[in-house]
Structures are given as C-alpha cells and as structure tokens.
>>> print(open('target_23.cif').read())   # mmCIF, C-alpha atoms and all ligand atoms
data_model
loop_
_atom_site.label_atom_id
_atom_site.label_comp_id
_atom_site.auth_asym_id
_atom_site.auth_seq_id
_atom_site.Cartn_x
_atom_site.Cartn_y
_atom_site.Cartn_z
CA MET A 19 21.48 3.19 -61.90
CA SER A 20 18.47 4.06 -59.81
CA PHE A 21 17.75 2.79 -56.34
CA SER A 22 14.70 2.72 -54.15
CA GLU A 23 13.59 5.71 -52.10
CA ASN A 24 14.25 3.51 -49.07
CA ILE A 25 17.98 4.03 -49.35
CA ALA A 26 18.06 7.34 -51.20
CA ARG A 27 19.58 9.19 -48.22
CA LEU A 28 21.56 6.31 -46.75
CA GLN A 29 25.27 6.78 -46.01
CA PRO A 30 27.60 3.88 -45.17
CA SER A 31 28.90 3.66 -41.60
CA ALA A 32 31.74 6.18 -41.20
CA THR A 33 33.21 4.43 -38.14
CA ILE A 34 33.42 1.15 -40.02
CA ALA A 35 34.79 2.95 -43.11
CA VAL A 36 37.74 4.43 -41.19
CA SER A 37 38.61 1.19 -39.42
CA THR A 38 38.37 -0.71 -42.73
CA LEU A 39 40.77 1.80 -44.30
CA ALA A 40 43.18 1.38 -41.36
CA LYS A 41 43.05 -2.41 -41.78
CA THR A 42 43.67 -2.09 -45.53
CA LEU A 43 46.70 0.16 -44.99
CA LYS A 44 48.06 -2.28 -42.39
CA ALA A 45 47.57 -5.19 -44.81
CA GLU A 46 49.59 -3.21 -47.38
CA GLY A 47 52.44 -3.17 -44.86
CA LYS A 48 51.99 0.44 -43.63
CA ASP A 49 52.72 1.16 -39.98
CA VAL A 50 49.28 2.27 -38.81
CA ILE A 51 48.17 2.94 -35.24
CA ASP A 52 44.45 2.31 -35.31
CA LEU A 53 42.54 4.47 -32.83
CA SER A 54 39.36 4.36 -34.88
CA ALA A 55 37.54 1.17 -34.09
CA GLY A 56 35.16 1.13 -31.18
CA GLN A 57 35.79 -2.35 -29.95
CA PRO A 58 37.68 -3.78 -26.97
CA ASP A 59 41.08 -5.20 -27.86
CA PHE A 60 40.59 -8.04 -25.35
CA ASP A 61 39.56 -11.59 -26.16
CA THR A 62 36.12 -12.69 -25.03
CA PRO A 63 36.52 -14.12 -21.48
CA GLY A 64 37.36 -17.82 -21.86
CA TRP A 65 34.47 -19.09 -19.73
CA ILE A 66 31.99 -17.28 -21.99
CA SER A 67 33.59 -18.57 -25.20
CA GLU A 68 33.56 -22.05 -23.68
CA ALA A 69 29.78 -21.83 -23.17
CA GLY A 70 29.39 -20.98 -26.87
CA ILE A 71 31.53 -23.97 -27.85
CA GLN A 72 29.54 -26.22 -25.54
CA GLY A 73 26.33 -24.88 -27.04
CA ILE A 74 27.49 -26.09 -30.44
CA GLN A 75 28.64 -29.44 -29.08
CA LEU A 76 25.32 -30.03 -27.32
CA GLY A 77 23.45 -29.48 -30.58
CA GLY A 78 22.46 -25.84 -30.15
CA THR A 79 22.92 -25.19 -33.82
CA ARG A 80 19.35 -24.86 -35.01
CA TYR A 81 16.83 -22.06 -35.21
CA THR A 82 15.67 -20.77 -31.87
CA PRO A 83 12.57 -18.66 -31.24
CA VAL A 84 12.98 -15.35 -33.09
CA ALA A 85 13.35 -13.20 -29.95
CA GLY A 86 15.93 -15.57 -28.47
CA MET A 87 16.02 -18.79 -26.47
CA PRO A 88 13.49 -18.65 -23.61
CA GLU A 89 16.26 -19.29 -21.05
CA LEU A 90 18.32 -16.40 -22.44
CA ARG A 91 15.36 -14.01 -22.40
CA LYS A 92 14.65 -15.12 -18.84
CA ALA A 93 18.27 -14.62 -17.75
CA ILE A 94 18.30 -11.12 -19.27
CA ALA A 95 14.95 -10.28 -17.67
CA SER A 96 16.19 -11.51 -14.33
CA MET A 97 19.38 -9.44 -14.63
CA LEU A 98 17.29 -6.37 -15.51
CA SER A 99 14.83 -7.08 -12.68
CA GLY A 100 17.74 -7.20 -10.23
CA ARG A 101 18.92 -3.83 -11.50
CA ALA A 102 15.50 -2.22 -11.54
CA GLY A 103 14.29 -3.69 -8.26
CA ARG A 104 11.03 -4.63 -9.95
CA ASP A 105 9.82 -7.30 -12.33
CA MET A 106 11.04 -6.78 -15.89
CA SER A 107 9.07 -9.31 -17.91
CA ALA A 108 10.96 -11.78 -20.10
CA ASP A 109 8.25 -11.09 -22.69
CA GLY A 110 9.74 -7.63 -23.04
CA VAL A 111 13.16 -8.94 -24.08
CA VAL A 112 14.05 -9.23 -27.78
CA VAL A 113 17.52 -10.60 -28.45
CA SER A 114 18.97 -9.51 -31.78
CA SER A 115 22.12 -9.74 -33.88
CA GLY A 116 23.94 -6.99 -32.00
CA ALA A 117 22.72 -3.86 -30.26
CA LYS A 118 22.82 -2.14 -33.64
CA HIS A 119 20.09 -4.51 -34.78
CA SER A 120 18.12 -3.89 -31.58
CA LEU A 121 18.27 -0.14 -32.15
CA PHE A 122 17.16 -0.54 -35.74
CA ASN A 123 14.23 -2.72 -34.70
CA ALA A 124 13.20 -0.11 -32.15
CA VAL A 125 13.40 2.85 -34.54
CA PHE A 126 11.68 1.01 -37.39
CA THR A 127 8.92 -0.22 -35.10
CA LEU A 128 8.11 3.17 -33.58
CA ALA A 129 8.89 5.77 -36.24
CA GLY A 130 7.85 6.20 -39.86
CA PRO A 131 7.02 8.87 -42.43
CA GLY A 132 5.91 12.09 -40.78
CA ASP A 133 7.61 11.29 -37.48
CA GLU A 134 10.59 13.13 -36.08
CA VAL A 135 13.28 11.41 -34.07
CA ILE A 136 15.34 13.67 -31.83
CA VAL A 137 18.92 12.46 -32.00
CA ALA A 138 21.06 13.60 -29.09
CA GLY A 139 24.27 14.98 -30.54
CA PRO A 140 27.09 14.28 -30.83
CA TYR A 141 25.49 11.00 -31.79
CA TRP A 142 26.70 7.54 -32.67
CA THR A 143 27.01 7.54 -36.42
CA SER A 144 24.32 4.92 -37.09
CA TYR A 145 21.46 6.66 -35.26
CA PRO A 146 20.39 9.13 -37.97
CA GLN A 147 20.87 6.50 -40.67
CA MET A 148 18.45 4.19 -38.88
CA VAL A 149 15.92 7.02 -38.73
CA VAL A 150 16.39 7.72 -42.43
CA LEU A 151 15.85 4.03 -43.23
CA ALA A 152 12.54 4.23 -41.40
CA ARG A 153 11.77 7.27 -43.62
CA ALA A 154 11.34 9.38 -40.53
CA GLU A 155 13.17 12.67 -39.98
CA PRO A 156 16.22 12.93 -37.71
CA VAL A 157 16.30 16.16 -35.69
CA PHE A 158 19.61 17.08 -34.08
CA VAL A 159 20.37 18.91 -30.89
CA GLN A 160 23.63 19.17 -28.96
CA GLY A 161 24.37 20.37 -25.43
CA SER A 162 26.94 22.98 -24.54
CA PRO A 163 30.66 22.22 -24.01
CA GLU A 164 30.32 23.43 -20.39
CA ARG A 165 28.05 20.44 -19.81
CA ASP A 166 30.27 18.01 -21.73
CA LEU A 167 27.87 18.36 -24.68
CA LYS A 168 25.12 16.66 -22.66
CA LEU A 169 21.52 17.73 -23.14
CA THR A 170 19.08 19.32 -20.76
CA PRO A 171 15.28 19.35 -21.06
CA GLU A 172 15.61 22.99 -22.23
CA ASP A 173 17.84 21.90 -25.14
CA LEU A 174 15.34 19.20 -26.02
CA GLU A 175 12.39 21.55 -25.74
CA SER A 176 14.01 23.82 -28.33
CA VAL A 177 13.61 21.17 -31.04
CA ARG A 178 10.41 19.45 -29.94
CA THR A 179 7.43 19.59 -32.27
CA GLU A 180 4.11 17.80 -32.26
CA ASN A 181 5.72 15.22 -34.57
CA SER A 182 8.51 14.33 -32.10
CA ARG A 183 8.16 10.62 -31.52
CA ILE A 184 11.46 9.26 -30.13
CA LEU A 185 14.51 10.62 -28.36
CA MET A 186 17.66 8.56 -29.07
CA LEU A 187 20.39 8.85 -26.50
CA SER A 188 23.49 6.92 -25.50
CA THR A 189 24.89 7.03 -21.98
CA PRO A 190 27.81 6.55 -21.53
CA SER A 191 28.03 8.33 -24.83
CA ASN A 192 29.64 7.20 -28.03
CA PRO A 193 31.47 9.37 -29.18
CA THR A 194 32.17 11.53 -26.07
CA GLY A 195 32.38 9.14 -23.11
CA ALA A 196 30.19 11.59 -21.16
CA VAL A 197 27.77 9.98 -18.72
CA TYR A 198 24.40 11.36 -17.67
CA SER A 199 24.06 11.47 -13.88
CA LEU A 200 20.92 9.99 -12.41
CA ASP A 201 19.51 13.48 -11.85
CA GLU A 202 20.25 14.46 -15.46
CA LEU A 203 18.61 11.25 -16.69
CA ALA A 204 15.64 11.84 -14.41
CA ALA A 205 15.16 15.34 -15.85
CA ILE A 206 15.24 14.02 -19.41
CA ALA A 207 12.91 11.14 -18.56
CA ALA A 208 10.46 13.58 -16.98
CA TRP A 209 10.54 15.76 -20.10
CA ALA A 210 9.99 12.73 -22.37
CA LYS A 211 7.15 11.46 -20.20
CA GLU A 212 5.45 14.86 -20.12
CA HIS A 213 5.43 14.99 -23.92
CA ASP A 214 4.75 11.30 -24.49
CA ILE A 215 8.01 10.88 -26.40
CA TRP A 216 9.62 7.44 -26.50
CA LEU A 217 12.98 7.38 -24.79
CA LEU A 218 15.28 5.02 -26.68
CA CYS A 219 18.19 4.68 -24.30
CA ASP A 220 21.32 2.94 -25.53
CA GLU A 221 23.21 1.68 -22.49
CA ILE A 222 25.68 -0.58 -24.31
CA TYR A 223 28.63 1.09 -22.52
CA ARG A 224 26.94 1.06 -19.13
CA GLU A 225 29.43 -1.32 -17.53
CA ILE A 226 32.46 0.60 -18.82
CA TYR A 227 32.29 3.34 -16.25
CA PHE A 228 34.88 5.30 -14.25
CA GLY A 229 32.63 7.71 -12.38
CA ASP A 230 31.61 7.90 -8.73
CA ASP A 231 28.05 6.60 -8.95
CA GLY A 232 28.75 2.91 -8.37
CA PRO A 233 30.26 0.10 -10.43
CA SER A 234 28.21 0.95 -13.54
CA ALA A 235 26.83 4.11 -15.07
CA PRO A 236 23.40 5.37 -13.99
CA SER A 237 20.63 3.71 -15.98
CA LEU A 238 17.03 4.39 -16.86
CA LEU A 239 16.24 1.37 -14.72
CA ASP A 240 17.59 3.17 -11.65
CA LEU A 241 14.66 5.58 -11.90
CA PRO A 242 11.36 4.86 -10.14
CA VAL A 243 8.97 3.31 -12.63
CA GLU A 244 6.42 6.09 -12.09
CA ASP A 245 8.99 8.61 -13.39
CA LEU A 246 9.31 6.82 -16.72
CA GLY A 247 7.13 7.33 -19.75
CA PRO A 248 7.33 4.98 -22.71
CA PHE A 249 10.87 3.71 -23.17
CA ILE A 250 13.04 1.10 -24.84
CA LEU A 251 16.31 0.08 -23.29
CA VAL A 252 19.11 -1.31 -25.47
CA ASP A 253 22.16 -3.15 -24.22
CA GLY A 254 24.26 -6.15 -25.21
CA VAL A 255 27.40 -8.17 -24.77
CA SER A 256 29.57 -6.58 -27.48
CA LYS A 257 31.44 -4.02 -25.40
CA CYS A 258 31.42 -5.16 -21.77
CA PHE A 259 32.30 -8.78 -22.60
CA ALA A 260 34.49 -8.02 -25.62
CA MET A 261 32.06 -9.93 -27.86
CA THR A 262 31.69 -7.67 -30.89
CA GLY A 263 31.94 -10.53 -33.35
CA TRP A 264 29.38 -12.76 -31.65
CA ARG A 265 26.60 -10.34 -32.61
CA ILE A 266 24.27 -10.37 -29.60
CA GLY A 267 22.36 -7.35 -28.33
CA PHE A 268 18.95 -6.97 -26.79
CA ALA A 269 16.14 -4.51 -26.32
CA TRP A 270 13.68 -4.38 -23.47
CA ALA A 271 10.30 -2.81 -24.18
CA GLU A 272 6.77 -3.27 -22.95
CA PRO A 273 5.66 -6.67 -24.28
CA ALA A 274 3.28 -5.29 -26.95
CA VAL A 275 6.21 -3.39 -28.50
CA ALA A 276 8.58 -6.31 -28.05
CA LYS A 277 6.12 -8.45 -29.99
CA LYS A 278 6.20 -6.04 -32.93
CA MET A 279 10.00 -5.85 -32.91
CA SER A 280 10.12 -9.63 -32.89
CA ALA A 281 7.69 -9.79 -35.82
CA LEU A 282 9.93 -7.38 -37.74
CA GLN A 283 12.98 -9.48 -36.92
CA SER A 284 11.14 -12.65 -37.95
CA HIS A 285 11.21 -11.43 -41.54
CA MET A 286 14.75 -10.13 -41.52
CA THR A 287 17.20 -12.31 -39.65
CA SER A 288 15.06 -14.70 -37.57
CA ASN A 289 16.89 -15.54 -34.36
CA PRO A 290 20.38 -14.28 -33.60
CA ALA A 291 23.05 -16.97 -34.06
CA SER A 292 22.27 -19.79 -31.65
CA PRO A 293 25.87 -20.59 -30.51
CA SER A 294 26.26 -16.91 -29.66
CA GLN A 295 23.10 -17.09 -27.58
CA TYR A 296 24.64 -19.88 -25.50
CA ALA A 297 27.68 -17.71 -24.83
CA ALA A 298 25.48 -14.75 -23.87
CA LEU A 299 23.40 -17.03 -21.65
CA ALA A 300 26.50 -17.88 -19.62
CA ALA A 301 27.37 -14.20 -19.30
CA TYR A 302 23.89 -13.18 -18.12
CA ARG A 303 23.38 -16.18 -15.83
CA ASP A 304 26.60 -15.98 -13.86
CA LEU A 305 26.52 -12.35 -12.84
CA GLN A 306 29.26 -12.75 -10.24
CA HIS A 307 31.67 -14.17 -12.79
CA SER A 308 30.60 -11.49 -15.28
CA ALA A 309 31.27 -8.71 -12.79
CA GLU A 310 34.78 -10.07 -12.26
CA SER A 311 35.52 -10.23 -15.99
CA ILE A 312 34.17 -6.71 -16.52
CA ALA A 313 36.15 -5.34 -13.57
CA GLU A 314 39.35 -6.82 -15.00
CA MET A 315 38.84 -5.09 -18.36
CA ASN A 316 37.80 -1.86 -16.66
CA VAL A 317 41.14 -1.68 -14.86
CA ALA A 318 42.80 -1.43 -18.28
CA PHE A 319 40.21 0.99 -19.70
CA ARG A 320 40.50 3.29 -16.70
CA ARG A 321 44.31 3.23 -16.88
CA ARG A 322 44.19 4.12 -20.57
CA ARG A 323 41.59 6.81 -19.98
CA ASP A 324 43.88 8.39 -17.36
CA LEU A 325 46.88 8.09 -19.66
CA VAL A 326 45.13 9.70 -22.62
CA VAL A 327 43.62 12.51 -20.53
CA ASP A 328 47.00 13.21 -18.93
CA ARG A 329 48.83 13.32 -22.28
CA PHE A 330 46.25 15.62 -23.81
CA LYS A 331 46.40 17.97 -20.84
CA THR A 332 50.16 18.18 -20.83
CA LEU A 333 51.04 17.87 -24.52
CA LEU A 334 48.01 19.17 -26.40
CA PRO A 335 46.45 21.89 -24.23
CA GLN A 336 45.18 23.61 -27.38
CA PHE A 337 42.70 20.77 -27.93
CA PRO A 338 39.90 20.82 -25.33
CA PHE A 339 38.05 17.56 -24.79
CA VAL A 340 35.16 16.00 -22.96
CA THR A 341 36.53 14.19 -19.91
CA PRO A 342 35.34 10.63 -20.43
CA GLU A 343 33.55 9.02 -17.50
CA GLY A 344 32.67 5.89 -19.44
CA ALA A 345 33.00 3.98 -22.74
CA PHE A 346 36.47 4.09 -24.33
CA TYR A 347 36.58 7.22 -26.46
CA LEU A 348 38.14 10.65 -26.22
CA PHE A 349 36.30 13.37 -28.15
CA PHE A 350 38.55 16.39 -28.63
CA ASN A 351 38.14 19.71 -30.36
CA VAL A 352 40.74 20.58 -33.01
CA GLU A 353 39.54 24.04 -34.03
CA ALA A 354 42.89 25.42 -32.81
CA ALA A 355 44.53 23.65 -35.76
CA PHE A 356 42.20 25.07 -38.40
CA GLY A 357 43.78 27.18 -41.15
CA ASP A 358 46.69 26.41 -43.43
CA GLY A 359 44.84 23.80 -45.51
CA ILE A 360 42.90 22.32 -42.60
CA GLU A 361 39.29 23.43 -42.66
CA ASN A 362 37.71 20.83 -40.48
CA ALA A 363 38.38 17.73 -38.42
CA SER A 364 38.07 15.52 -41.52
CA ASP A 365 41.05 17.35 -43.09
CA PHE A 366 42.94 16.99 -39.82
CA CYS A 367 42.25 13.23 -39.64
CA THR A 368 43.33 12.72 -43.26
CA LYS A 369 46.59 14.59 -42.60
CA VAL A 370 47.33 12.67 -39.39
CA LEU A 371 46.65 9.37 -41.13
CA GLU A 372 48.78 10.22 -44.17
CA GLU A 373 51.67 11.84 -42.32
CA GLU A 374 51.73 10.00 -38.99
CA GLY A 375 49.89 6.76 -39.72
CA VAL A 376 47.32 7.32 -36.96
CA ALA A 377 43.69 6.49 -37.77
CA MET A 378 40.89 8.31 -35.93
CA VAL A 379 37.28 9.13 -36.81
CA PRO A 380 36.43 12.74 -37.73
CA GLY A 381 33.56 14.31 -35.85
CA VAL A 382 31.52 14.69 -39.03
CA ALA A 383 30.55 11.05 -38.44
CA PHE A 384 28.96 12.14 -35.15
CA GLY A 385 27.49 15.45 -36.28
CA ASP A 386 30.26 17.91 -35.37
CA ASP A 387 33.33 18.24 -37.57
CA ARG A 388 35.22 20.42 -35.11
CA TYR A 389 35.96 17.31 -33.08
CA ILE A 390 37.79 14.02 -33.49
CA ARG A 391 37.04 10.73 -31.79
CA MET A 392 39.92 8.52 -30.77
CA SER A 393 39.28 5.11 -29.30
CA TYR A 394 41.57 4.03 -26.49
CA ALA A 395 40.30 0.44 -26.56
CA THR A 396 43.75 -0.48 -27.71
CA SER A 397 47.09 -1.32 -26.16
CA ASP A 398 48.59 1.29 -23.84
N1 LIG B 1 25.38 1.57 -29.68
C1 LIG B 1 26.54 2.25 -29.62
C2 LIG B 1 26.53 3.59 -28.96
C3 LIG B 1 27.71 1.71 -30.17
O1 LIG B 1 28.85 2.40 -30.11
C4 LIG B 1 27.66 0.46 -30.81
C5 LIG B 1 28.94 -0.01 -31.43
N2 LIG B 1 29.01 -1.14 -32.00
C6 LIG B 1 26.43 -0.21 -30.84
C7 LIG B 1 25.31 0.37 -30.28
C8 LIG B 1 26.24 -1.52 -31.54
O2 LIG B 1 26.82 -2.58 -30.90
P1 LIG B 1 26.76 -4.04 -31.49
O3 LIG B 1 28.13 -4.39 -31.88
O4 LIG B 1 26.24 -4.89 -30.36
O5 LIG B 1 25.83 -4.04 -32.64
N1 LIG B 2 30.35 1.06 -32.50
C1 LIG B 2 31.74 1.01 -32.85
C2 LIG B 2 32.21 2.38 -33.25
O1 LIG B 2 31.51 3.34 -33.04
C3 LIG B 2 32.00 -0.07 -33.88
C4 LIG B 2 31.77 0.28 -35.31
C5 LIG B 2 30.31 0.50 -35.61
O2 LIG B 2 29.54 -0.45 -35.52
O3 LIG B 2 30.00 1.64 -35.87
O4 LIG B 2 33.30 2.53 -33.72
#
>>> encode(input="target_23.cif", output="structure tokens")
Amino acid sequence: MSFSENIARLQPSATIAVSTLAKTLKAEGKDVIDLSAGQPDFDTPGWISEAGIQGIQLGGTRYTPVAGMPELRKAIASMLSGRAGRDMSADGVVVSSGAKHSLFNAVFTLAGPGDEVIVAGPYWTSYPQMVVLARAEPVFVQGSPERDLKLTPEDLESVRTENSRILMLSTPSNPTGAVYSLDELAAIAAWAKEHDIWLLCDEIYREIYFGDDGPSAPSLLDLPVEDLGPFILVDGVSKCFAMTGWRIGFAWAEPAVAKKMSALQSHMTSNPASPSQYAALAAYRDLQHSAESIAEMNVAFRRRRDLVVDRFKTLLPQFPFVTPEGAFYLFFNVEAAFGDGIENASDFCTKVLEEEGVAMVPGVAFGDDRYIRMSYATSD
C-alpha cells in the first residue's frame, strides 16, 4: 500500500509504544513495574476536577472560540504577565488539545520545506517527528556529559546554517531532567536572537523543579524582553496538575503568529474540549491554590528523585546519569553493560522487561541509544 509523502518518514511515538506494551503485559496478568510513562501517578487535584464538572453542569459543553475561551486566555495571559513582569497579551495565547498539539501548531506554522529545525538532544521523542510532518529537516545537536548534556551557543553554532529556522528545547528536559540556569538560557536566547532563529521553548515541566533558583525552573519569561528574539513558549496543565487526560496545553506567541496557529487549529481540532477548559481556568485563576497543589506533588517527586539518585549511586555506580533538577525522569548511561548480546540500550531494555518485568524507554527514542530513561512519576 502506498501512503502520502506527508507521512513517509513518520514513526509512531516510542514513549507511548513502550507504555502501551507495559499496559498490555499487565492486562495479560504479568507482574510489570512500569517506569516508562511520563505522567504523574496522582489524581488531578479535586478542586480542579470539580471546576470541570461544574463547567459541564453549567452548560459549557459547546464549541468555544478556537484558541480557547476568552476568560481562559485572559487567565493564562495574566499568569504569564505576572511571571514576566510585563504585559503578555491574551491575543498571544492559543489553547490547544495538550502541549503536544501546541508544539505541533508552532512547528507547522513556522517551518516547512527547505527549513531546518535544530532539535536540542537528547530530545523528547515527538520533536523530530513534528518537524518531519512539516516536511522540514530536523538537525540534531547534543551537549557534553560534563554539562548534563545541555547545549551552549558554541554547540548550536556548530550546526547552524542559513536555513536554520527554529530551535526546539525543553527545560526542565524530557528525557534528562536537566534544567538550564537563567544564565545558560540567556546565552542561548542571545544566540537565537543574533541569528534570528525562533526559540521554541517547551516549559511543560517548569513547575516540577528541585533546584535552587526559586519555586520553579528558570523560564524564558524571566529574561528581559530586550534580550529575546522571536520566541514561542509552550506550557500546559498535563504535568504540574496531573491532568494528562484532560488534554489542555497552550502556546504564547506574538499575536500575528498566534493568529496563524489558531487558523491551523481551526481546521484540525477546533477548540480544545470545553469541560477541560473550565478545569484549566480554575487552575490558572487561583494561583495560590495551584501553588499549594503543585507543592504537594513536588514533595513526592523530590523524595522519589532523591531515592532514585541514591540507589543508582550506591547500587549501580557503573551507570552514570544526569542528576535531575526537574521533571520526573532519570536518564542513565548503560554502556558499561554492553557486550554479551547487548549492543545498545534498546537490547538492555528488552532484556530487563523480559527477565525482570521492568518497563523503561530506550534512549533511541530520544536520540541516544547509550542511555535509558526511567520515569519516577510512580509510587515509591
Ligand atoms: N513536552 C514534553 C517535553 C513532554 O514530555 C510532553 C509529554 N506529554 C509534552 C510536551 C506534551 O504534553 P501534553 O500531554 O500536554 O500533550
Ligand atoms: N510525554 C510523556 C513521555 O514522554 C507521555 C507520553 C508522550 O506523549 O510521549 O513519556
């Protein structure tokens, strides 16, 4: 059977594939410990769920404007304005069906044939696939282990061409949990601005942060506006409010770009689910309550991070890892186990799943098959 050129190079999501396999094995009665899925094991905070239920009961079950209900866009803009210390226009907010959708809208709106998108490696598995769907070219670059695989402007400069259009970056990072400091972000932003490259910054794990720079990870919005070139910020409720199934994410871009992303969305999904928008509205309106709910979950994430790091240090010293400062992943290097039928991390993961019943995602999904990602968003 032949398919369109649009999907000729498309691969299914490897993270979802592993967690689906783990679920299937569990359903068959196998004793599987699932450390693959990147989603909080908590329930959505009750007061947020309640707002979604009330939204339905009050009749919020119809189409809304494509980019989201005006009050939700305003609440998000006001939250961002508070963070940035300057006015972030509600016209710049596009609410979508998950941050994944927001990222896709951004890539598809800005990049096309002939364009190159620099994908900061190790990358979240969907980034290059989104670029491929836009028929642009993903270009990979990874920082050194001494810097927790984070990139510097010099790394970026080594892959820049005149066709470079976007840099895609997540901080805190999926899959490593590394977090760019404000100075590191500033250096990258300066490089992007100098070369007029769009900075597509995925801050979905921003609130899940264990570092020393405040309650949440440093953000693009912490930088003075004059230090920023063109950028799109992506965030959402999935991770910090344990709302993966509600499917709400958002992008903020200058209004002319937001308009285009909204037009794209108007032909694909229309508005994100309206009851979910009511739940997100509660979360973004009551920031005090939100901060409390996030802090509660972060206590557990931090404890698990410490537990996992401690066990690796004491029991598995042969496997170096990036010390996670945010998100809920440990990215560890298993080269020490290579040989004897194990040629890469994919082989290692298959063996551990078959022999020990532990599911993790091989680094090939993130561009480096010497590593494995385990999620500790699961019970201690
Ligand atoms: N960005 C990163 C880095 C992620 O790990 C995820 C995981 N889901 C997303 C975006 C997408 O989140 P959502 O569930 O809101 O689509
Ligand atoms: N983002 C999560 C992960 O990386 C959820 C699965 C997905 O959407 O890829 O595992």
>>> atom_distance(input="target_23.cif", atom1="CA of Ala55 (chain A)", atom2="CA of Thr368 (chain A)")
15.8 Å
>>> closest_residue(input="target_23.cif", among="A:Ala95, A:Ala117, A:Val84, A:Leu151", to="ligand LIG 2 (chain B)", atoms="only C-alpha atoms and all ligand atoms")
A:Ala117
>>> residues_near_ligand(input="target_23.cif", ligand="ligand LIG 2 (chain B)", cutoff="8 Å", atoms="only C-alpha atoms and all ligand atoms", output="list in words")
Ser31, Ala32, Thr33, Ile34, Ser37, Ser54, Ala55, Gly56, Gln57, Lys118, Trp142, Thr143, Ser144, Asn192, Pro193 and Ser393 of chain A
>>> residues_near_ligand(input="target_23.cif", ligand="ligand LIG 1 (chain B)", cutoff="7 Å", atoms="all atoms listed in the file", output="ChimeraX atom specification")
/A:56,115-119,142,188,191-192,220,222,254-256,262,265-267
>>> write_last_selection(input="target_23.cif", atoms="C-alpha atoms", output="mmCIF file, in the coordinates of the input")
data_model
loop_
_atom_site.group_PDB
_atom_site.id
_atom_site.type_symbol
_atom_site.label_atom_id
_atom_site.label_comp_id
_atom_site.auth_asym_id
_atom_site.auth_seq_id
_atom_site.Cartn_x
_atom_site.Cartn_y
_atom_site.Cartn_z
ATOM 1 C CA GLY A 56 35.160 1.130 -31.180
ATOM 2 C CA SER A 115 22.120 -9.740 -33.880
ATOM 3 C CA GLY A 116 23.940 -6.990 -32.000
ATOM 4 C CA ALA A 117 22.720 -3.860 -30.260
ATOM 5 C CA LYS A 118 22.820 -2.140 -33.640
ATOM 6 C CA HIS A 119 20.090 -4.510 -34.780
ATOM 7 C CA TRP A 142 26.700 7.540 -32.670
ATOM 8 C CA SER A 188 23.490 6.920 -25.500
ATOM 9 C CA SER A 191 28.030 8.330 -24.830
ATOM 10 C CA ASN A 192 29.640 7.200 -28.030
ATOM 11 C CA ASP A 220 21.320 2.940 -25.530
ATOM 12 C CA ILE A 222 25.680 -0.580 -24.310
ATOM 13 C CA GLY A 254 24.260 -6.150 -25.210
ATOM 14 C CA VAL A 255 27.400 -8.170 -24.770
ATOM 15 C CA SER A 256 29.570 -6.580 -27.480
ATOM 16 C CA THR A 262 31.690 -7.670 -30.890
ATOM 17 C CA ARG A 265 26.600 -10.340 -32.610
ATOM 18 C CA ILE A 266 24.270 -10.370 -29.600
ATOM 19 C CA GLY A 267 22.360 -7.350 -28.330
#
>>> residues_around(input="target_23.cif", residues="region 313-323 of chain A", least_positions_apart="3", cutoff="9 Å", atoms="only C-alpha atoms", output="ChimeraX atom specification")
/A:58,60,225-228,233,258-260,308-310,326-328,341-348,394-398
>>> residues_around(input="target_23.cif", residues="Leu167 (chain A)", least_positions_apart="4", cutoff="10 Å", atoms="all atoms listed in the file", output="PyMOL selection string")
chain A and resi 138-140+159-163+194+196+340
>>> atom_distance(input="target_23.cif", atom1="CA of Tyr296 (chain A)", atom2="CA of Gly232 (chain A)")
28.8 Å
>>> residues_around(input="target_23.cif", residues="Ala298 (chain A)", least_positions_apart="3", cutoff="12 Å", atoms="only C-alpha atoms", output="VMD selection string")
chain A and resid 62 to 63 65 to 71 73 86 to 87 89 to 94 113 to 116 254 to 256 258 to 262 264 to 268 290 to 295 301 to 305 308
>>> closest_residue(input="target_23.cif", among="A:Ala152, A:Leu200, A:Val112, A:Val252", to="Ile25 (chain A)", atoms="all atoms listed in the file")
A:Ala152
>>> residues_near_point(input="target_23.cif", point="(3.6, 10.9, -27.1)", cutoff="10 Å", atoms="only C-alpha atoms", output="mmCIF file with C-alpha atoms, keeping the file's coordinate frame")
data_model
loop_
_atom_site.group_PDB
_atom_site.id
_atom_site.type_symbol
_atom_site.label_atom_id
_atom_site.label_comp_id
_atom_site.auth_asym_id
_atom_site.auth_seq_id
_atom_site.Cartn_x
_atom_site.Cartn_y
_atom_site.Cartn_z
ATOM 1 C CA GLU A 180 4.110 17.800 -32.260
ATOM 2 C CA ASN A 181 5.720 15.220 -34.570
ATOM 3 C CA SER A 182 8.510 14.330 -32.100
ATOM 4 C CA ARG A 183 8.160 10.620 -31.520
ATOM 5 C CA ILE A 184 11.460 9.260 -30.130
ATOM 6 C CA ALA A 210 9.990 12.730 -22.370
ATOM 7 C CA LYS A 211 7.150 11.460 -20.200
ATOM 8 C CA GLU A 212 5.450 14.860 -20.120
ATOM 9 C CA HIS A 213 5.430 14.990 -23.920
ATOM 10 C CA ASP A 214 4.750 11.300 -24.490
ATOM 11 C CA ILE A 215 8.010 10.880 -26.400
ATOM 12 C CA TRP A 216 9.620 7.440 -26.500
ATOM 13 C CA GLY A 247 7.130 7.330 -19.750
ATOM 14 C CA PRO A 248 7.330 4.980 -22.710
#
>>> closest_residue(input="target_23.cif", among="A:Leu251, A:Asn289, A:Ala204, A:Val379", to="Arg80 (chain A)", atoms="only C-alpha atoms")
A:Asn289
>>> atom_distance(input="target_23.cif", atom1="CA of Met286 (chain A)", atom2="CA of Pro83 (chain A)")
13.5 Å
